[in-house]
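A.B. asks: I'd like to ask you about the structure that follows.
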Amino acid sequence: MRTAVLAAFISVIPAALAAQVGAVPSRLAEVELQRSRTCVGTLARIAVLDGVLEPLVLRGARLRQIAEAVALEDPSAVTPFEEAEPTEVMVRDWFTTDAALAQRYVTTEDAGLLTERQAGRETIKTVVTDALLSVQAQADSALNANTALIQAAGPCDGAIFVRGAVQEACADASGPICDQAALPAGESTGFRFVDAGESVWEIQEDRPWTVPAPLQPTADGQLGGGRTVGYARIGNVAVSLSFSPLFRDRDDTSAEELAGYDAVNDSLGVRVDHPALAVTPALGVRAALPEPLGTETRYGIHFGDIDTPDILWTGPAGSGAPLEAAIPLAARHVVRLRAGDPVMLTAIGGVDGNQPEYSIMVGNVNQGPATAVLLNYMATQMAEDLDRYVQPRG
C-alpha cells in the first residue's frame, strides 16, 4: 500500500517533472555564493594544517621504506642515511654491524653469531616501529585537534567556486585559493571557478557504473567488494548509487522482513542461507545535499520514466548532513536496474510542498551489464564467500 507521501510524490511528477529536469534550483546562487565566501577562510586554515602534516607524512613514508630495507637486509634503496635523524643513524650503524657479523659467520660458522644477528635485527625493527608510531601519533594528534575544521572543509573539497565571491572574501584573507582566483580565467590550477552562482549548474559529470568484484576482506577487517557504483555530478552536488547485497543481523530482522527478503531472493534466483545474516539486494544512495538548494522539503529516488514514475525511496531535506540511505529493493526494481533504466533524484517542495523543483539523473552507462554480473555472483558464489568470511557467533 502506498503511503500518503508516496502518493503525493507520484501525483505531481507526470505533469511537472519534464520541465524540472535540468532546472536550476531557486536558491542555488545564494548557496554557492555563501560556499565560496566561507571556503576562503576554511581552505586557508586547511593549508596551515597541511603544512603541519606534510613533514609527518614524508617522514612516515621514509620510515616505512627503512623498515622494508631492514626486512630485506638491503640498505641500497634508503642510502644515504640522514645524519640529523637519530633513528636513521641507528639503522645505518645496525647495517654496518650486521654486515660485519655476517662476514664473521661465513669465516667461523659460529652459531652464536646468528643469535646475535637475530637479536640485533629485532632490536632495530623495534626502533623503527617506535619511530613510525611516534610520527603517526603526532599526525593523529594534529588531526584530532582539527576535527571540526576537517568537517567544515568537506563542502570545499573539489568544489566549483564563484570567482567574484572568492575575490571579495580574499580582501581580508590570503591563501592558495586567493592566489588562484586572482589569475585570468583559464589559468588557475587546482581550483575551478565560474562567474555566477547559477553557472555552477552548467558543469555536469557522469561516470559508467563500476565493474563489481567478489566479496573479500579489506585491510581494516571489513567486508569489501560485492557492489557496483554509478555516479553523477551537477555543479557541487555529487550523487552516487551503489547496487549491492544488504547485510543485516538476523537477530535484528523481523520475521516479516525476513519473509520479504526471501521472496525477493527467490524471485531473482539469489541463493543465500547464512545462519547469522539476512541478505537482500539493495540500492545505497549518497548525495551532497546537506541543505536545500531550492524550496524542497524532501527528496525522492525513482526510476526516470516521468510518465509512470516508480518510487524507490523518499526522505526529508535539510538534515545538515549528506543525504544517505540504504534501500532494500523489490524484485521488479532489480529487474529495472538490470534493464538499464536510469535512476533519478528529485527535490520536492514549492508553495504546496508537492512540486518537483529539480532533478538529477545518474547515468546508466554499464548499469545493466554490471548489475547482471553482480546478480549472477549473488546467485552462485556469494553464499560460499559469506560462509568463508563471516563466521556465525558462538
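Chain labels A, B, ... are given in the sequence in which chains occur in the C-alpha cells; within each chain residues are numbered consecutively from 1, and ligands are likewise numbered from 1 in the order shown.
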Could you list, as an MDAnalysis selection string, every residue within 9 Å of Arg121 in chain A, counting only C-alpha atoms and ignoring same-chain residues fewer than 2 positions away?

C.D. replies: chainID A and resid 70:71 94 98 116:119 123:126

A.B. asks: Any chance you can output those residues with C-alpha atoms as a PDB file, in the first residue's frame?

C.D. replies:
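selection_27.pdb, freshly written:
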ATOM      1  CA  VAL A  70      65.692  -3.767   7.264  1.00  0.00           C
ATOM      2  CA  ALA A  71      63.400  -6.684   6.453  1.00  0.00           C
ATOM      3  CA  TRP A  94      72.996  -1.663  12.561  1.00  0.00           C
ATOM      4  CA  ASP A  98      75.127  -6.791  10.897  1.00  0.00           C
ATOM      5  CA  GLU A 116      73.448 -12.111  17.910  1.00  0.00           C
ATOM      6  CA  ARG A 117      72.346 -11.087  14.429  1.00  0.00           C
ATOM      7  CA  GLN A 118      68.750 -12.092  15.119  1.00  0.00           C
ATOM      8  CA  ALA A 119      68.695 -10.124  18.371  1.00  0.00           C
ATOM      9  CA  THR A 123      66.080  -4.514  18.231  1.00  0.00           C
ATOM     10  CA  ILE A 124      66.396  -2.294  15.174  1.00  0.00           C
ATOM     11  CA  LYS A 125      62.930  -3.331  13.945  1.00  0.00           C
ATOM     12  CA  THR A 126      61.552  -2.164  17.279  1.00  0.00           C
TER      13      THR A 126
END

A.B. asks: List every residue of range 15-192 of chain A that DSSP, applied to the backbone, labels as helix (DSSP H, G or I), and write the result as a PyMOL selection string.

C.D. replies: chain A and resi 15-20+28-72+75-77+86-108+111-145+147-152+154-156+163-172+176-181

A.B. asks: Pick the closest to Ser267 in chain A from A:Leu72, A:Leu329, A:Cys39, A:Ala219: which is it, counting only C-alpha atoms?

C.D. replies: A:Leu329

A.B. asks: Quick one: everything within 9 Å of Leu312 in chain A, counting only C-alpha atoms, minus sequence neighbours fewer than 3 positions away in the same chain. Send it as a list in words.

C.D. replies: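 What passes the distance filter is Leu283, Gly300, Ile301, His302, Phe303, Ile327, Pro328, Leu329, Ala330 and His333 of chain A.
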
A.B. asks: For the residues in that selection, give me C-alpha atoms as a tab-separated table (two decimals), in the first residue's frame.

C.D. replies:
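Result file is result26.tsv:
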chain	number	residue	atom	x	y	z
A	283	LEU	CA	20.41	0.39	-3.52
A	300	GLY	CA	12.69	11.13	-3.85
A	301	ILE	CA	14.68	8.40	-5.59
A	302	HIS	CA	12.84	6.94	-8.57
A	303	PHE	CA	13.30	5.47	-12.00
A	327	ILE	CA	17.01	0.96	0.16
A	328	PRO	CA	16.02	-2.73	0.08
A	329	LEU	CA	14.74	-3.34	-3.43
A	330	ALA	CA	11.70	-5.16	-4.71
A	333	HIS	CA	13.25	-2.71	-9.16

A.B. asks: Pick from A:Ala379, A:Leu63, A:Ala47, A:Ala288: nearest to Asp266 in chain A, with only C-alpha atoms counted?

C.D. replies: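 Nearest to Asp266 in chain A: A:Ala379.
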
A.B. asks: Mind dumping a table of every range 70-183 of chain A residue within 12 Å of range 233-254 of chain A, with the nearest atom pair and its distance in Å to one decimal, using only C-alpha atoms, sorted by chain and rising number, as JSON lines?

C.D. replies:
{"residue": "A:Gly154", "atom": "CA", "partner": "A:Asn236", "partner_atom": "CA", "distance": 11.3}
{"residue": "A:Pro155", "atom": "CA", "partner": "A:Asn236", "partner_atom": "CA", "distance": 8.3}
{"residue": "A:Cys156", "atom": "CA", "partner": "A:Asn236", "partner_atom": "CA", "distance": 9.2}
{"residue": "A:Asp157", "atom": "CA", "partner": "A:Asn236", "partner_atom": "CA", "distance": 9.8}
{"residue": "A:Gly158", "atom": "CA", "partner": "A:Asn236", "partner_atom": "CA", "distance": 8.4}
{"residue": "A:Ala159", "atom": "CA", "partner": "A:Asn236", "partner_atom": "CA", "distance": 5.8}
{"residue": "A:Ile160", "atom": "CA", "partner": "A:Asn236", "partner_atom": "CA", "distance": 6.4}
{"residue": "A:Phe161", "atom": "CA", "partner": "A:Asn236", "partner_atom": "CA", "distance": 9.0}
{"residue": "A:Val162", "atom": "CA", "partner": "A:Gly235", "partner_atom": "CA", "distance": 11.3}

A.B. asks: Calculated over only C-alpha atoms, which of the candidates A:Ala102, A:Arg59, A:Val343, A:Thr115 has the smallest distance to Glu82 in chain A?

C.D. replies: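 Of A:Ala102, A:Arg59, A:Val343, A:Thr115, the one nearest Glu82 in chain A, counting only C-alpha atoms, is A:Arg59.
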
A.B. asks: Just to confirm, what's the straight-line distance from CA of Ala99 in chain A to CA of Gly60 in chain A in Å (one decimal)?

C.D. replies: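 Rounded to one decimal, the two atoms are 25.9 Å apart.
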
A.B. asks: Considering only C-alpha atoms, can you say which of A:Pro80, A:Pro212, A:Gly260, A:Gly197 comes closest to Pro25 in chain A?

C.D. replies: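 The closest residue to Pro25 in chain A is A:Gly197.
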